[in-house]
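Shown here: protein.txt, compact mmCIF, C-alpha atoms.
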# COMPACT_ATOMS: atom_id res chain seq x y z
CA MET O 1 87.68 23.60 15.68
CA SER O 2 86.15 26.01 18.16
CA SER O 3 84.44 29.25 17.24
CA ALA O 4 83.68 32.50 19.01
CA SER O 5 80.04 31.51 19.41
CA ASP O 6 81.13 28.45 21.40
CA GLN O 7 83.04 30.49 23.98
CA LEU O 8 81.62 31.17 27.44
CA LYS O 9 83.12 33.73 29.83
CA ILE O 10 82.41 33.53 33.55
CA ASP O 11 83.34 36.40 35.86
CA THR O 12 85.25 35.17 38.93
CA HIS O 13 86.91 38.29 40.39
CA CYS O 14 86.36 39.08 44.08
CA THR O 15 87.45 42.50 45.40
CA MET O 16 87.77 41.18 48.97
CA ASP O 17 90.98 39.38 47.99
CA ASP O 18 93.49 41.39 45.95
CA SER O 19 95.89 38.45 45.96
CA LEU O 20 93.52 36.50 43.72
CA ASP O 21 95.32 35.17 40.69
CA ARG O 22 93.85 37.09 37.79
CA THR O 23 95.46 35.00 35.09
CA PRO O 24 92.79 33.68 32.75
CA VAL O 25 92.44 29.92 32.77
CA ASN O 26 92.41 28.72 29.20
CA LEU O 27 91.21 25.19 28.62
CA SER O 28 91.23 25.55 24.87
CA PRO O 29 94.20 23.22 24.09
CA THR O 30 92.60 20.24 25.80
CA ALA O 31 89.15 21.11 24.53
CA SER O 32 90.35 21.57 21.00
CA ALA O 33 92.18 18.25 21.15
CA LEU O 34 88.95 16.54 22.17
CA GLY O 35 86.87 18.44 19.64
CA LEU O 36 84.88 20.18 22.43
CA PRO O 37 83.78 23.81 22.74
CA VAL O 38 86.43 26.15 24.21
CA LEU O 39 85.90 27.36 27.79
CA HIS O 40 87.64 30.53 29.01
CA LEU O 41 87.60 31.58 32.66
CA GLN O 42 88.45 35.27 32.75
CA PRO O 43 88.21 37.69 35.73
CA THR O 44 86.53 41.06 35.35
CA ASN O 45 85.53 43.87 37.69
CA THR O 46 82.48 42.09 39.04
CA THR O 47 82.19 42.46 42.85
CA PHE O 48 80.81 39.82 45.20
CA THR O 49 78.71 41.21 48.01
CA ASN O 50 76.67 39.40 50.62
CA ASN O 51 74.51 38.24 47.75
CA ALA O 52 77.16 36.81 45.45
CA THR O 53 76.81 37.83 41.83
CA LEU O 54 77.87 35.67 38.93
CA ASN O 55 77.74 37.19 35.49
CA VAL O 56 77.48 34.79 32.61
CA ILE O 57 78.21 36.41 29.29
CA SER O 58 77.47 34.41 26.20
CA HIS O 59 77.92 35.41 22.62
CA ASP O 60 74.76 35.97 20.60
CA GLN O 61 73.44 32.84 19.02
CA PRO O 62 72.82 32.94 15.28
CA SER O 63 69.31 33.99 14.33
CA ARG O 64 66.94 31.16 13.50
CA PRO O 65 63.96 32.67 11.62
CA LEU O 66 62.16 29.35 11.25
CA ASP O 67 62.28 28.63 14.99
CA ASP O 68 61.14 32.18 15.76
CA PHE O 69 58.25 31.81 13.32
CA ARG O 70 57.19 28.49 14.79
CA ARG O 71 57.23 29.82 18.35
CA ARG O 72 55.29 32.95 17.43
CA PHE O 73 52.61 31.16 15.41
CA ARG O 74 52.57 27.81 17.17
CA LYS O 75 48.82 27.79 17.77
CA PRO O 76 47.79 28.82 14.23
CA LEU O 77 50.24 26.27 12.82
CA ALA O 78 48.62 23.59 14.95
CA GLU O 79 45.18 24.61 13.64
CA PHE O 80 46.54 24.57 10.09
CA THR O 81 47.88 21.06 10.57
CA GLY O 82 44.76 19.70 12.25
CA THR O 83 42.41 21.08 9.58
CA MET O 84 44.69 19.84 6.80
CA ILE O 85 44.51 16.34 8.28
CA LEU O 86 40.72 16.61 8.45
CA LEU O 87 40.50 17.44 4.74
CA ILE O 88 43.06 14.87 3.65
CA PHE O 89 40.98 12.10 5.21
CA GLY O 90 37.60 13.55 4.28
CA ALA O 91 38.27 14.54 0.68
CA ALA O 92 40.20 11.33 0.05
CA VAL O 93 37.38 9.09 1.24
CA ASP O 94 34.90 11.09 -0.88
CA CYS O 95 37.11 10.57 -3.93
CA GLN O 96 37.66 6.88 -3.25
CA ALA O 97 33.99 6.09 -2.65
CA THR O 98 32.77 8.04 -5.70
CA LEU O 99 35.53 7.40 -8.21
CA GLY O 100 35.91 3.80 -7.05
CA SER O 101 32.35 3.05 -8.17
CA ASN O 102 33.35 3.77 -11.79
CA ARG O 103 34.32 0.49 -13.46
CA SER O 104 36.61 2.38 -15.81
CA ILE O 105 38.64 3.44 -12.78
CA ALA O 106 38.39 0.45 -10.42
CA GLY O 107 37.46 -3.16 -11.00
CA ALA O 108 35.34 -3.22 -7.85
CA GLU O 109 33.76 -0.66 -5.58
CA LYS O 110 36.27 0.86 -3.19
CA GLY O 111 33.95 2.62 -0.79
CA SER O 112 30.44 3.20 0.48
CA PHE O 113 28.49 5.81 2.39
CA LEU O 114 29.56 4.12 5.62
CA SER O 115 33.22 4.49 4.66
CA VAL O 116 32.57 8.17 3.91
CA CYS O 117 31.16 8.67 7.40
CA MET O 118 34.07 6.80 8.95
CA GLY O 119 36.65 8.70 6.90
CA TRP O 120 35.36 12.13 7.93
CA GLY O 121 35.10 11.00 11.55
CA ALA O 122 38.67 9.68 11.53
CA GLY O 123 39.92 12.91 9.94
CA ALA O 124 38.25 14.97 12.68
CA ALA O 125 39.66 12.74 15.44
CA PHE O 126 43.23 12.69 14.13
CA GLY O 127 43.13 16.41 13.39
CA ILE O 128 42.09 17.16 16.96
CA TRP O 129 44.60 14.74 18.46
CA SER O 130 47.42 16.41 16.52
CA SER O 131 46.57 19.95 17.62
CA ALA O 132 44.58 19.88 20.86
CA SER O 133 47.52 20.11 23.26
CA ILE O 134 48.78 23.23 21.48
CA SER O 135 45.78 25.18 20.19
CA GLY O 136 42.79 23.41 21.68
CA GLY O 137 42.09 21.44 18.51
CA HIS O 138 39.28 23.61 17.16
CA ILE O 139 39.96 22.86 13.44
CA ASN O 140 36.65 24.61 12.75
CA PRO O 141 35.93 28.39 12.65
CA ALA O 142 32.48 27.76 14.09
CA VAL O 143 34.04 26.14 17.18
CA THR O 144 36.46 29.05 17.52
CA LEU O 145 33.66 31.61 17.24
CA VAL O 146 31.68 29.84 19.96
CA HIS O 147 34.69 29.93 22.26
CA VAL O 148 35.05 33.66 21.63
CA LEU O 149 31.39 34.38 22.38
CA PHE O 150 30.78 31.92 25.20
CA ARG O 151 34.11 30.90 26.74
CA GLY O 152 36.25 34.04 26.76
CA PHE O 153 38.58 33.00 23.94
CA PRO O 154 40.68 36.03 22.83
CA LEU O 155 39.17 37.82 19.85
CA THR O 156 42.67 38.72 18.65
CA GLU O 157 43.41 35.03 18.10
CA PHE O 158 40.11 34.34 16.34
CA PHE O 159 41.26 35.70 12.98
CA GLN O 160 44.59 33.88 13.20
CA TYR O 161 42.76 30.62 13.82
CA VAL O 162 40.26 31.14 11.00
CA ILE O 163 42.97 31.99 8.46
CA ALA O 164 45.03 28.99 9.55
CA GLN O 165 42.02 26.65 9.43
CA THR O 166 41.03 27.85 5.96
CA ALA O 167 44.59 27.53 4.69
CA GLY O 168 44.83 24.03 6.16
CA ALA O 169 41.59 22.98 4.46
CA PHE O 170 42.80 24.47 1.17
CA THR O 171 46.12 22.62 1.41
CA GLY O 172 44.58 19.29 2.40
CA SER O 173 42.07 19.35 -0.47
CA LEU O 174 44.78 20.41 -2.94
CA LEU O 175 46.92 17.44 -1.94
CA VAL O 176 44.00 15.06 -2.46
CA TYR O 177 43.14 16.66 -5.81
CA GLY O 178 46.71 16.13 -6.95
CA MET O 179 46.54 12.48 -5.86
CA TYR O 180 43.23 11.75 -7.63
CA ASN O 181 43.69 14.05 -10.63
CA GLN O 182 44.04 11.26 -13.19
CA ALA O 183 41.04 9.36 -11.83
CA ILE O 184 39.03 12.60 -12.06
CA ASN O 185 40.12 12.92 -15.70
CA VAL O 186 38.67 9.47 -16.39
CA GLN O 187 35.48 10.28 -14.48
CA GLU O 188 34.99 13.54 -16.38
CA GLY O 189 36.01 12.20 -19.78
CA GLY O 190 39.13 14.32 -20.24
CA SER O 191 41.70 16.46 -18.50
CA ALA O 192 40.14 19.66 -19.85
CA ILE O 193 36.67 18.86 -18.47
CA ARG O 194 35.65 19.89 -14.99
CA THR O 195 31.98 20.04 -14.03
CA THR O 196 30.12 21.76 -11.19
CA PRO O 197 28.70 20.16 -9.10
CA GLY O 198 30.06 17.05 -10.84
CA THR O 199 33.47 16.14 -9.47
CA ALA O 200 33.69 19.48 -7.65
CA SER O 201 31.35 17.88 -5.11
CA LEU O 202 34.21 15.56 -4.15
CA PHE O 203 35.75 18.52 -2.33
CA VAL O 204 32.95 20.98 -1.49
CA THR O 205 29.30 20.67 -0.55
CA PHE O 206 26.32 21.19 -2.86
CA PRO O 207 22.58 20.71 -2.16
CA LEU O 208 20.26 18.32 -3.90
CA ASP O 209 18.47 19.84 -6.89
CA PHE O 210 14.96 19.78 -5.39
CA MET O 211 15.90 21.65 -2.19
CA ASN O 212 14.99 25.30 -1.73
CA ALA O 213 17.22 27.88 -0.04
CA ALA O 214 15.40 27.83 3.31
CA THR O 215 15.66 24.04 3.65
CA CYS O 216 19.35 24.11 2.72
CA PHE O 217 20.03 26.74 5.35
CA PHE O 218 18.07 24.96 8.07
CA SER O 219 19.75 21.63 7.33
CA GLU O 220 23.24 23.08 7.91
CA PHE O 221 22.02 25.20 10.81
CA LEU O 222 20.64 22.17 12.66
CA VAL O 223 23.54 19.77 12.09
CA THR O 224 26.11 22.35 13.18
CA ALA O 225 24.05 23.22 16.26
CA MET O 226 24.06 19.55 17.20
CA LEU O 227 27.82 19.31 16.66
CA LEU O 228 28.57 22.28 18.94
CA PHE O 229 26.15 21.03 21.58
CA ILE O 230 28.10 17.76 21.65
CA VAL O 231 31.50 19.51 21.64
CA LEU O 232 30.55 21.65 24.64
CA THR O 233 29.08 18.65 26.43
CA VAL O 234 32.21 16.51 26.22
CA THR O 235 34.57 19.39 27.06
CA ASP O 236 32.58 20.67 30.04
CA ARG O 237 34.74 19.94 33.09
CA ARG O 238 31.66 20.33 35.31
CA ASN O 239 29.99 17.47 33.51
CA ALA O 240 30.58 14.34 35.59
CA MET O 241 30.11 12.21 32.47
CA ALA O 242 32.64 14.12 30.36
CA PRO O 243 35.50 11.89 29.14
CA PRO O 244 39.18 12.56 29.90
CA SER O 245 40.63 15.17 27.58
CA THR O 246 42.71 12.54 25.78
CA LEU O 247 39.54 10.71 24.76
CA VAL O 248 37.62 13.76 23.50
CA PRO O 249 38.79 13.20 19.89
CA LEU O 250 37.35 9.68 20.05
CA ILE O 251 33.97 11.06 21.10
CA ILE O 252 34.15 13.62 18.27
CA PHE O 253 34.87 10.73 15.90
CA VAL O 254 31.64 9.06 16.98
CA ALA O 255 29.76 12.37 16.74
CA VAL O 256 30.97 13.17 13.21
CA VAL O 257 30.21 9.64 12.00
CA ALA O 258 26.69 9.84 13.47
CA LEU O 259 25.95 13.37 12.24
CA THR O 260 27.23 12.61 8.74
CA ALA O 261 25.15 9.42 8.62
CA CYS O 262 22.04 11.33 9.72
CA PHE O 263 22.35 14.69 7.96
CA ALA O 264 24.61 14.40 4.89
CA LEU O 265 21.93 13.50 2.34
CA GLN O 266 20.61 16.95 1.51
CA THR O 267 23.54 19.37 1.83
CA GLY O 268 26.57 17.19 2.57
CA ALA O 269 26.68 18.24 6.25
CA ALA O 270 29.65 20.60 6.11
CA MET O 271 29.38 21.59 9.82
CA ASN O 272 32.57 23.59 9.32
CA PRO O 273 32.97 26.82 7.30
CA ALA O 274 36.67 26.16 6.67
CA ARG O 275 35.95 22.60 5.51
CA ASP O 276 33.87 24.09 2.67
CA PHE O 277 35.48 27.46 1.95
CA GLY O 278 39.10 26.27 1.82
CA PRO O 279 38.42 23.52 -0.73
CA ARG O 280 36.12 25.86 -2.65
CA LEU O 281 39.03 28.24 -3.14
CA MET O 282 41.05 25.28 -4.37
CA THR O 283 38.40 24.05 -6.79
CA ALA O 284 37.96 27.57 -8.18
CA MET O 285 41.49 27.26 -9.61
CA PHE O 286 40.48 24.20 -11.67
CA TYR O 287 36.68 24.42 -12.02
CA GLY O 288 36.24 28.16 -12.41
CA ARG O 289 33.97 30.66 -10.72
CA ASN O 290 30.91 28.40 -10.95
CA VAL O 291 31.80 26.85 -7.60
CA PHE O 292 31.03 30.25 -6.05
CA THR O 293 28.13 31.45 -8.21
CA TYR O 294 26.23 28.14 -8.11
CA ARG O 295 22.62 28.68 -6.99
CA ASN O 296 22.95 32.34 -6.06
CA HIS O 297 26.11 31.95 -3.99
CA TYR O 298 24.97 28.92 -2.05
CA TRP O 299 28.47 28.68 -0.50
CA LEU O 300 27.95 31.86 1.52
CA TRP O 301 24.53 31.55 3.08
CA THR O 302 24.52 27.82 3.80
CA PRO O 303 27.92 26.27 4.70
CA ILE O 304 29.28 29.53 6.12
CA ILE O 305 26.47 31.69 7.53
CA GLY O 306 24.30 28.67 8.29
CA ASP O 307 27.13 26.91 10.09
CA PHE O 308 28.16 29.95 12.12
CA LEU O 309 24.61 30.70 13.23
CA GLY O 310 23.93 27.03 13.95
CA ALA O 311 27.04 26.84 16.12
CA ILE O 312 25.96 29.91 18.09
CA ALA O 313 22.48 28.42 18.57
CA GLY O 314 23.88 25.10 19.79
CA ALA O 315 26.16 26.84 22.29
CA PHE O 316 23.36 29.14 23.43
CA PHE O 317 21.02 26.27 24.26
CA TYR O 318 23.75 24.26 25.96
CA ASP O 319 24.62 27.16 28.24
CA LEU O 320 20.97 28.02 28.80
CA LEU O 321 19.87 24.51 29.70
CA ILE O 322 22.91 22.77 31.18
CA TYR O 323 26.08 24.81 31.68
CA THR O 324 26.80 26.20 35.17
CA GLY O 325 30.19 27.87 34.70
CA ASP O 326 30.52 31.59 35.34
CA ASP O 327 32.54 32.27 32.17
CA SER O 328 29.48 32.21 29.92
CA PRO O 329 27.42 35.36 29.25
CA ILE O 330 24.28 33.22 29.41
CA THR O 331 24.92 32.01 32.96
CA LYS O 332 25.97 35.51 33.99
CA PHE O 333 22.71 36.89 32.63
CA ILE O 334 20.69 34.22 34.41
CA SER O 335 22.50 34.94 37.67
CA LYS O 336 21.80 38.64 37.28
CA CYS O 337 18.11 38.03 36.61
CA LEU O 338 17.90 35.87 39.71
CA ASP O 339 19.75 38.53 41.70
CA ARG O 340 22.64 36.15 42.18
CA ARG O 341 26.30 36.30 41.37
CA PRO O 342 28.61 33.59 39.99
CA THR O 343 29.55 30.91 42.51
CA ARG O 344 33.07 32.17 43.10
CA ASN O 345 31.75 35.64 44.08
CA VAL O 346 29.24 34.09 46.46
CA ASP O 347 32.02 32.07 48.07
CA ALA O 348 34.10 35.22 48.50
CA GLN O 349 31.19 37.01 50.18
CA LEU O 350 30.63 34.09 52.56
CA LYS O 351 34.29 34.12 53.49
CA VAL O 352 34.15 37.85 54.28
CA ALA O 353 31.02 37.33 56.38
CA ASN O 354 32.68 34.51 58.33
CA ASP O 355 35.72 36.70 58.99
CA VAL O 356 33.47 39.46 60.35
CA ASP O 357 31.64 37.00 62.60
CA GLN O 358 34.92 35.71 64.01
CA LYS O 359 36.11 39.23 64.80
CA VAL O 360 32.85 40.04 66.54
Hey, can you dump this file as structure tokens for me?
Amino acid sequence: MSSASDQLKIDTHCTMDDSLDRTPVNLSPTASALGLPVLHLQPTNTTFTNNATLNVISHDQPSRPLDDFRRRFRKPLAEFTGTMILLIFGAAVDCQATLGSNRSIAGAEKGSFLSVCMGWGAGAAFGIWSSASISGGHINPAVTLVHVLFRGFPLTEFFQYVIAQTAGAFTGSLLVYGMYNQAINVQEGGSAIRTTPGTASLFVTFPLDFMNAATCFFSEFLVTAMLLFIVLTVTDRRNAMAPPSTLVPLIIFVAVVALTACFALQTGAAMNPARDFGPRLMTAMFYGRNVFTYRNHYWLWTPIIGDFLGAIAGAFFYDLLIYTGDDSPITKFISKCLDRRPTRNVDAQLKVANDVDQKV
């Protein structure tokens, strides 16, 4: 059966020929018999001039709120998905390596520190691969902030990205908690027992007991600076050694594995404010407020402030020492100090000078 929304009317009237048959051509019997949409050809008062005009009038399609939502928030949704994948892999490998070492849970060890490094690296790679073609594959508020400050990324999209990344991290960690809930009960000694750090450290980062605040901060600052230095290196199109864009996630995999292996001992090497804050919101629902008040709000000044400042420092030194693009405020400042302008402006001036010489 055909419906009004399936009908299409095409104007075919031409005022230059009054003898034109104005009887509508109705193909509905044949179309209906074949189960096809009905097509009506009906003349109207449309006039053909030298530039022939054809009016196509279609009935309004039914509203599709889900499609509209996806189109409007496609980039944040990609960031949500990529960060969720990161946390599913990362939190799951933490749970398997730690809980699997308990003989009451598993008959043999199911993980090691190497598997933890590999799991977080794989999560980062797959998260970037799933979102890079849509949103750039930041999956990290520190990366997004660096692109705002140093690469002209729109500030209006920064908050959308950060909210989406945090929500993705929250969702990914919640899914893993639901999967390992019974094993956590065995590890803790009961379903009503949840300890901080304890099993909360399966999802969020905590420092070693002997570390002071300054060392905690510097540890996260340095590892995140290294991460952003690497990210900018492999995504710099002016770098002759930069890999193709499709291989960037593979390089990030190697980087995350290496950085985790080298820096995770003391603070867990968050390197990503959303990776810590999203799961911390999740653990607060089951572990209580201690995950936030632990060691004078460690969560704020180390895995968030430390990571943001470290990312800025890494980007600053990359642009200061290596980057040559004119979209960075560092290179613009250097050009100004040297009484030079960005390359494209110099080229434009040379072109004008050549034109003047030719006229003379």
Any idea what's packed within 7 Å of O:Gln96, counting all atoms listed in the file, ignoring anything in its chain fewer than 4 positions away? Could you give it as a count of residues only? 4
Counting only C-alpha atoms, closest pick from O:Val176, O:Ala142, O:Cys117, O:Leu149 relative to O:Ile330 is O:Leu149
Would you kindly return, as a PDB file with C-alpha atoms, in the coordinates of the input, each protein, DNA or RNA residue with an atom no farther than 12 Å from any atom of O:Phe73, considering all atoms listed in the file and excluding same-chain residues fewer than 5 positions away?
ATOM      1  CA  LEU O  66      62.160  29.350  11.250  1.00  0.00           C
ATOM      2  CA  ASP O  67      62.280  28.630  14.990  1.00  0.00           C
ATOM      3  CA  ASP O  68      61.140  32.180  15.760  1.00  0.00           C
ATOM      4  CA  ALA O  78      48.620  23.590  14.950  1.00  0.00           C
ATOM      5  CA  GLU O  79      45.180  24.610  13.640  1.00  0.00           C
ATOM      6  CA  PHE O  80      46.540  24.570  10.090  1.00  0.00           C
ATOM      7  CA  ILE O 134      48.780  23.230  21.480  1.00  0.00           C
ATOM      8  CA  SER O 135      45.780  25.180  20.190  1.00  0.00           C
ATOM      9  CA  GLU O 157      43.410  35.030  18.100  1.00  0.00           C
ATOM     10  CA  GLN O 160      44.590  33.880  13.200  1.00  0.00           C
ATOM     11  CA  TYR O 161      42.760  30.620  13.820  1.00  0.00           C
ATOM     12  CA  ILE O 163      42.970  31.990   8.460  1.00  0.00           C
ATOM     13  CA  ALA O 164      45.030  28.990   9.550  1.00  0.00           C
TER      14      ALA O 164
END
Excluding O:Val162 and any residue of its chain fewer than 6 positions from it, enumerate the residues within 8 Å of it, using all atoms listed in the file, and give them as an MDAnalysis selection string. chainID O and resid 140:141 144 274
With all atoms listed in the file as the counted atoms, please give the residues lying no more than 7 Å from stretch 323-327 of chain O, apart from itself and same-chain residues fewer than 5 positions off, as a PyMOL selection string. chain O and resi 151-152+318+332+342
Using all atoms listed in the file, what does the table of stretch 273-311 of chain O residues within 8 Å of stretch 210-231 of chain O look like, with each row giving the shortest atom pair and its distance in Å to one decimal, sorted by chain and ascending number, as CSV?
residue,atom,partner,partner_atom,distance
O:Trp301,CA,O:Phe217,CA,7.0
O:Thr302,CA,O:Phe217,CA,4.9
O:Pro303,CA,O:Glu220,CA,6.5
O:Gly306,CA,O:Phe221,CA,4.9
O:Asp307,CA,O:Phe221,CA,5.4
O:Phe308,CA,O:Phe221,CA,7.9
O:Leu309,CA,O:Phe221,CA,6.5
O:Gly310,CA,O:Phe221,CA,4.1
O:Ala311,CA,O:Ala225,CA,4.7
For O:Phe126, which residue among O:Leu250, O:Met285, O:Ala106, O:Ile193 is the nearest when counting only C-alpha atoms?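 Of the candidates, the smallest distance to O:Phe126 is held by O:Leu250.
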Point (42.8, 24.1, 6.3) neighbourhood (7 Å, only C-alpha atoms) written as a list in words: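 Here is the list of nearby residues: Phe80, Thr83, Met84, Ala164, Gln165, Thr166, Ala167, Gly168, Ala169, Phe170, Thr171, Gly172, Ala274 and Gly278 of chain O.
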Atomic separation - atom CA of O:Val248 relative to atom CA of O:Phe69, Å: 29.2 Å
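Residues in contact with O:Arg289 at up to 10 Å, not including ones fewer than 6 positions away on its chain and judged by only C-alpha atoms, are O:Thr196, O:Arg280, O:Leu281, O:Thr283.
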Could you save the residues just selected, with C-alpha atoms, as a compact mmCIF listing (two decimals), keeping the file's coordinate frame?
# COMPACT_ATOMS: atom_id res chain seq x y z
CA THR O 196 30.12 21.76 -11.19
CA ARG O 280 36.12 25.86 -2.65
CA LEU O 281 39.03 28.24 -3.14
CA THR O 283 38.40 24.05 -6.79
With distances taken over all atoms listed in the file, which of O:Ile88, O:Ala242, O:Ala315, O:Ala125 is nearest to O:Leu175?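 For O:Leu175, the nearest of the given residues is O:Ile88.
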